[in-house]
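**Q** Questions regarding the structure given below will be posed in turn.
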Amino acid sequence: MTFAGNVYIQSTYASRCANNFKNGNFCAKFWQIIERVITRMQHSNAANRLDRLPIASLHKNILFAVAIAYFFEFADLNRFAIIVPKLMNIWGVSVNTVAYVTSFSFLAMAVGSAIGGWLADFYGRKKALTITVMMFTIISVLSGFAWDIWTLGLCRIVGSAGLAAMTVIAVIYVNEMFPAKLRGKYQAYAMVIGICGTPVTNLIASAVVPLAPWAWRLVFIWGLLGFLYLLFSRRIFESPRWYESREQYDKADDILCRIENEVRREKGALPVPPLAVPEVKIDKTPIAVLFQRKYLGTTLLLTVVWVTETIGFFGYSSWAPALLAKEGFSAGKSIFYIALTTVGAPLGPYIASMVTDRFERKWCLAIFGAIIGASGLLYGLTFNPIMIVLFGFIVNLFERGYTALGYAYSPELYDTKVRSIGTGLSYGAGRLSNALGPIIIAYLYSTHGYRSVFYFIAATWFIGALTVGFFGPKTKCSESNKLEISMQPDSN
């Protein structure tokens, strides 16, 4: 069919567009109509239309919404670990009990990661993100009213599922809404803000926990501020790529036009997007697809990356306060030392933002992982408070940078067809693996002593670094939509 014929078929749609621009400049509005007609025929062309946009207010609203979610996620992740020394004193909690609560929490995270991918595909990225943020915010507040370790543990298990689900959804949402060449940087920017939740929570804990036997509850109750997310959620859009993947092209195009008009008002005329092949529906993709030859290598690689990251990350952050307390440091001092080490956490994602789009992400991950392994090992070999804070600072700095890099790297290795379930499965496998991590650490501590724990943690980081270094694909400034196009048959 000729171009003129296609325009004729779309005449009703073009007339509707024209009515929206009666009072504007005719030429400019005419070409906007033509652009919408052309992209409509391309099944909305969401990836290319989003990728050619300059960073504008709508991107900043997404950034702050996701950053708030990350802030209270990281605040919540460390809450139980940081108050454990106090619970050992007032409730007589043992190392083995801590191990069981932590293990079941990570089982819940594995479930949450899988559910997160499903929620993102079923309800949409924005709605699923809102549901999960509200879930772990409410559970965090309820944790502050627990009357024993078992009720507190139950709250931690349910909340952990919400945390993991939210993380998967947020990673996918940022990946789909930001231009490909900048998404790694802005993923890291969101982490810079979000990661502040760890030192802020730890410093609050170091100040309030020693005040009274009940004061640890305030560390959980202040999570009520997670509802601030709702202020930004009203200013963000559903992902047009989600609508497009479900073949709801009208809705995808309507949102894209709203986004484009908003950016035009702020930044001026936009370049014409390149043509693209329609994306494939994702809502009926079975998880078995991830184990087909096309995706198997990526699935195994990312599983190793997230398994080693999870055991290494939470092996350190979940156990350092408790183990310091068991080695003779007071609850107040152990909490304070750990609070100081986490001050470096926000710098990690910032460093990641400086390198993620400039260098190959696989090499950044490998180098960061090696530094974490070496610093964590040195942390475990000293009992000098200054050295504990110094090496702990380095560990926290590069751990958070590694996580930011991983969030940008993982979704890029999959096309839209399997991005949600692939990211969710690999991330969830990491969380599932750490169901055994606390039990292993408790066993090592009980049978081989304090330092053996940090030998084990360092080894996991070195394994992850070597794996991604040798087997990880290169993705520098990669555009996942181009990958998707190359995987599709020619439409002609």
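We name chains A, B, ... following the order of the structure tokens; residues begin at 1 in each chain, and ligands are numbered from 1 as shown.
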Using DSSP assignments from the backbone, pull out every residue in segment 257-344 of chain A that falls under alpha helix (DSSP H) and give it to me as a ChimeraX atom specification.
**A** /A:257-267,293-317,320-326,331-341
**Q** Give me, as a PyMOL selection string, all polymer residues having an atom no more than 7 Å from segment 296-311 of chain A, counting only C-alpha atoms and skipping those fewer than 3 positions away in the same chain.
**A** chain A and resi 290-293+314-315+410+413+422+426-427+429-431+433-434+437+460-461+464+468+472
**Q** Can you measure atom CA of Leu231 of chain A to atom CA of Val174 of chain A for me? One decimal in Å is fine.
**A**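 The value is 18.1 Å.
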**Q** Which residues are near Gly369 of chain A? Cut-off 7 Å, only C-alpha atoms, ignore same chain within fewer than 4 positions. Put them as a PDB file with all heavy atoms, in the first residue's frame.
**A**
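Saved to around-v7.pdb:
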```pdb
ATOM      1  N   LEU A 365      32.045  -4.130  36.714  1.00  0.00           N
ATOM      2  CA  LEU A 365      31.562  -5.105  37.695  1.00  0.00           C
ATOM      3  C   LEU A 365      32.702  -5.979  38.206  1.00  0.00           C
ATOM      4  O   LEU A 365      32.812  -6.233  39.421  1.00  0.00           O
ATOM      5  CB  LEU A 365      30.475  -5.978  37.069  1.00  0.00           C
ATOM      6  CG  LEU A 365      29.088  -5.352  36.916  1.00  0.00           C
ATOM      7  CD1 LEU A 365      28.220  -6.189  35.990  1.00  0.00           C
ATOM      8  CD2 LEU A 365      28.417  -5.186  38.271  1.00  0.00           C
ATOM      9  N   GLY A 373      35.968  -7.874  47.505  1.00  0.00           N
ATOM     10  CA  GLY A 373      36.496  -9.108  48.095  1.00  0.00           C
ATOM     11  C   GLY A 373      37.746  -8.854  48.908  1.00  0.00           C
ATOM     12  O   GLY A 373      37.876  -9.351  50.038  1.00  0.00           O
ATOM     13  N   TYR A 402      28.588  -1.637  42.868  1.00  0.00           N
ATOM     14  CA  TYR A 402      28.415  -2.909  42.157  1.00  0.00           C
ATOM     15  C   TYR A 402      26.930  -3.178  41.919  1.00  0.00           C
ATOM     16  O   TYR A 402      26.532  -3.597  40.824  1.00  0.00           O
ATOM     17  CB  TYR A 402      29.026  -4.031  42.992  1.00  0.00           C
ATOM     18  CG  TYR A 402      29.068  -5.384  42.321  1.00  0.00           C
ATOM     19  CD1 TYR A 402      30.228  -5.839  41.705  1.00  0.00           C
ATOM     20  CD2 TYR A 402      27.967  -6.231  42.339  1.00  0.00           C
ATOM     21  CE1 TYR A 402      30.283  -7.093  41.104  1.00  0.00           C
ATOM     22  CE2 TYR A 402      28.007  -7.491  41.744  1.00  0.00           C
ATOM     23  CZ  TYR A 402      29.171  -7.903  41.128  1.00  0.00           C
ATOM     24  OH  TYR A 402      29.216  -9.148  40.538  1.00  0.00           O
ATOM     25  N   TRP A 461      32.761 -12.967  46.408  1.00  0.00           N
ATOM     26  CA  TRP A 461      32.983 -11.791  45.571  1.00  0.00           C
ATOM     27  C   TRP A 461      33.994 -12.080  44.462  1.00  0.00           C
ATOM     28  O   TRP A 461      33.816 -11.648  43.318  1.00  0.00           O
ATOM     29  CB  TRP A 461      33.440 -10.610  46.414  1.00  0.00           C
ATOM     30  CG  TRP A 461      32.330  -9.942  47.158  1.00  0.00           C
ATOM     31  CD1 TRP A 461      32.092  -9.979  48.502  1.00  0.00           C
ATOM     32  CD2 TRP A 461      31.289  -9.129  46.600  1.00  0.00           C
ATOM     33  NE1 TRP A 461      30.965  -9.251  48.811  1.00  0.00           N
ATOM     34  CE2 TRP A 461      30.455  -8.721  47.660  1.00  0.00           C
ATOM     35  CE3 TRP A 461      30.974  -8.724  45.305  1.00  0.00           C
ATOM     36  CZ2 TRP A 461      29.344  -7.917  47.462  1.00  0.00           C
ATOM     37  CZ3 TRP A 461      29.857  -7.918  45.112  1.00  0.00           C
ATOM     38  CH2 TRP A 461      29.056  -7.523  46.175  1.00  0.00           C
ATOM     39  N   PHE A 462      35.052 -12.792  44.794  1.00  0.00           N
ATOM     40  CA  PHE A 462      36.060 -13.114  43.775  1.00  0.00           C
ATOM     41  C   PHE A 462      35.483 -14.020  42.690  1.00  0.00           C
ATOM     42  O   PHE A 462      35.788 -13.861  41.501  1.00  0.00           O
ATOM     43  CB  PHE A 462      37.285 -13.764  44.423  1.00  0.00           C
ATOM     44  CG  PHE A 462      38.132 -12.797  45.211  1.00  0.00           C
ATOM     45  CD1 PHE A 462      38.522 -13.094  46.510  1.00  0.00           C
ATOM     46  CD2 PHE A 462      38.543 -11.586  44.656  1.00  0.00           C
ATOM     47  CE1 PHE A 462      39.303 -12.211  47.242  1.00  0.00           C
ATOM     48  CE2 PHE A 462      39.327 -10.697  45.378  1.00  0.00           C
ATOM     49  CZ  PHE A 462      39.707 -11.004  46.682  1.00  0.00           C
ATOM     50  N   GLY A 464      32.313 -14.134  41.683  1.00  0.00           N
ATOM     51  CA  GLY A 464      31.459 -13.293  40.847  1.00  0.00           C
ATOM     52  C   GLY A 464      32.258 -12.412  39.901  1.00  0.00           C
ATOM     53  O   GLY A 464      31.912 -12.267  38.718  1.00  0.00           O
ATOM     54  N   ALA A 465      33.346 -11.811  40.417  1.00  0.00           N
ATOM     55  CA  ALA A 465      34.181 -10.934  39.594  1.00  0.00           C
ATOM     56  C   ALA A 465      34.812 -11.694  38.429  1.00  0.00           C
ATOM     57  O   ALA A 465      34.827 -11.215  37.289  1.00  0.00           O
ATOM     58  CB  ALA A 465      35.254 -10.280  40.455  1.00  0.00           C
TER      59      ALA A 465
END
```
**Q** So which residues touch segment 127-130 of chain A within 12 Å, counting only C-alpha atoms, skipping near sequence neighbours fewer than 4 positions away, as a PDB file with C-alpha atoms, in the first residue's frame?
**A**
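Written file, around_30.pdb:
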```pdb
ATOM      1  CA  ILE A  62      10.735   9.133  37.503  1.00  0.00           C
ATOM      2  CA  ALA A  65      10.026   8.389  42.519  1.00  0.00           C
ATOM      3  CA  VAL A  66      12.354   5.418  42.048  1.00  0.00           C
ATOM      4  CA  ILE A  68      12.465   7.325  47.164  1.00  0.00           C
ATOM      5  CA  ALA A  69      11.499   3.684  46.712  1.00  0.00           C
ATOM      6  CA  TYR A  70      15.182   2.709  46.781  1.00  0.00           C
ATOM      7  CA  ILE A 115       6.260 -12.180  41.828  1.00  0.00           C
ATOM      8  CA  GLY A 116       7.749  -8.786  40.966  1.00  0.00           C
ATOM      9  CA  GLY A 117       8.342  -9.792  37.356  1.00  0.00           C
ATOM     10  CA  TRP A 118       4.806 -11.161  37.131  1.00  0.00           C
ATOM     11  CA  LEU A 119       3.290  -8.040  38.724  1.00  0.00           C
ATOM     12  CA  ALA A 120       5.229  -5.815  36.323  1.00  0.00           C
ATOM     13  CA  ASP A 121       3.896  -7.769  33.342  1.00  0.00           C
ATOM     14  CA  PHE A 122       0.321  -8.173  34.594  1.00  0.00           C
ATOM     15  CA  TYR A 123      -0.475  -4.795  36.201  1.00  0.00           C
ATOM     16  CA  MET A 134       3.142   0.552  49.856  1.00  0.00           C
ATOM     17  CA  MET A 135       3.425  -3.083  50.915  1.00  0.00           C
ATOM     18  CA  PHE A 136       6.895  -2.897  52.440  1.00  0.00           C
ATOM     19  CA  THR A 137       6.186   0.546  53.938  1.00  0.00           C
ATOM     20  CA  GLY A 162       7.786  -6.749  48.935  1.00  0.00           C
ATOM     21  CA  LEU A 163      11.310  -5.298  48.854  1.00  0.00           C
ATOM     22  CA  ALA A 164      12.574  -7.805  46.298  1.00  0.00           C
ATOM     23  CA  ALA A 165       9.495  -7.425  44.101  1.00  0.00           C
ATOM     24  CA  MET A 166       9.857  -3.639  44.134  1.00  0.00           C
ATOM     25  CA  THR A 167      13.520  -3.823  43.133  1.00  0.00           C
ATOM     26  CA  VAL A 168      12.812  -5.970  40.076  1.00  0.00           C
ATOM     27  CA  ILE A 169       9.985  -3.664  38.973  1.00  0.00           C
ATOM     28  CA  ALA A 170      12.008  -0.479  39.496  1.00  0.00           C
ATOM     29  CA  VAL A 171      14.956  -1.820  37.502  1.00  0.00           C
ATOM     30  CA  ILE A 172      12.679  -2.727  34.583  1.00  0.00           C
ATOM     31  CA  TYR A 173      10.830   0.602  34.738  1.00  0.00           C
ATOM     32  CA  VAL A 174      13.994   2.723  34.597  1.00  0.00           C
ATOM     33  CA  GLY A 226       7.865   5.733  52.606  1.00  0.00           C
ATOM     34  CA  PHE A 227       4.431   7.128  51.745  1.00  0.00           C
ATOM     35  CA  LEU A 228       6.279  10.153  50.319  1.00  0.00           C
ATOM     36  CA  TYR A 229       6.608   8.035  47.177  1.00  0.00           C
ATOM     37  CA  LEU A 230       2.963   8.812  46.424  1.00  0.00           C
ATOM     38  CA  LEU A 231       3.815  12.490  45.885  1.00  0.00           C
ATOM     39  CA  PHE A 232       5.904  11.592  42.838  1.00  0.00           C
ATOM     40  CA  SER A 233       3.925   8.593  41.628  1.00  0.00           C
ATOM     41  CA  ARG A 234       1.169  10.913  40.378  1.00  0.00           C
ATOM     42  CA  ILE A 236       5.042   9.609  36.304  1.00  0.00           C
ATOM     43  CA  PHE A 237       3.699   7.636  33.345  1.00  0.00           C
ATOM     44  CA  GLU A 238       3.075   3.979  32.727  1.00  0.00           C
ATOM     45  CA  SER A 239       5.706   2.471  30.457  1.00  0.00           C
ATOM     46  CA  TRP A 242       4.687  -2.321  28.430  1.00  0.00           C
TER      47      TRP A 242
END
```
**Q** Could you check how far atom CA of Ala339 of chain A sits from atom CA of Ile139 of chain A, in Å to one decimal?
**A**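 Taking atom CA of Ala339 of chain A and atom CA of Ile139 of chain A, their separation equals 23.3 Å.
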**Q** How close does segment 137-164 of chain A get to segment 209-223 of chain A? List, as a Markdown table, each residue of segment 137-164 of chain A within 8 Å, its nearest atom pair and the distance in Å to one decimal, counting only C-alpha atoms.
**A**
```
| residue | atom | partner | partner_atom | distance |
| --- | --- | --- | --- | --- |
| A:Thr137 | CA | A:Gly223 | CA | 6.1 |
| A:Ser140 | CA | A:Phe220 | CA | 5.6 |
| A:Val141 | CA | A:Ile221 | CA | 4.5 |
| A:Leu142 | CA | A:Ile221 | CA | 7.5 |
| A:Ser143 | CA | A:Phe220 | CA | 6.2 |
| A:Gly144 | CA | A:Arg217 | CA | 4.4 |
| A:Phe145 | CA | A:Arg217 | CA | 6.9 |
```
**Q** Go through A:Gly449, A:Gly469, A:Gly428, A:Gly348 one by one, measure the shortest atom-to-atom distance of each to Gly194 of chain A using only C-alpha atoms, and give the residue with the smallest value.
**A** A:Gly348
**Q** If we count only C-alpha atoms, what is near Phe398 of chain A at a cut-off of 12 Å, once residues fewer than 2 positions away on the same chain are taken out, given as number ranges by chain?
**A** A: 195, 309, 312-313, 341-342, 344-352, 364-376, 391-396, 400-406, 461
**Q** What's the separation between atom CA of Glu260 of chain A and atom CA of Ser57 of chain A, in Å to one decimal place?
**A** 11.7 Å
**Q** Mind checking which residues fall within 10 Å of His59 of chain A, counting only C-alpha atoms, ignoring those fewer than 3 positions away in the same chain, and posting them as a PyMOL selection string?
**A** chain A and resi 53-56+62-65+174+177-179+186+236-237+259+263
**Q** Looking at A:Val101, A:Ile204, A:Ala188, A:Ile463, which one is nearest to Val158 of chain A, with distances taken over only C-alpha atoms?
**A**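 Once distances to Val158 of chain A are computed over only C-alpha atoms, the minimum belongs to A:Val101.
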**Q** Of the candidates A:Gly112, A:Ala46, A:Val93, A:Pro271, which one gets nearest to Asp254 of chain A if we count only C-alpha atoms?
**A** A:Ala46
**Q** Determine the nearest neighbour of Thr382 of chain A from the options A:Pro274, A:Leu224, A:Leu324, A:His448, counting only C-alpha atoms.
**A**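 The answer is A:Leu324, which sits nearest to Thr382 of chain A.
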**Q** Rank nothing, just name the residue among A:Ser160, A:Val98, A:Ala252, A:Leu378 nearest to Pro85 of chain A, using only C-alpha atoms.
**A**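 Selected residue with least distance to Pro85 of chain A: A:Val98.
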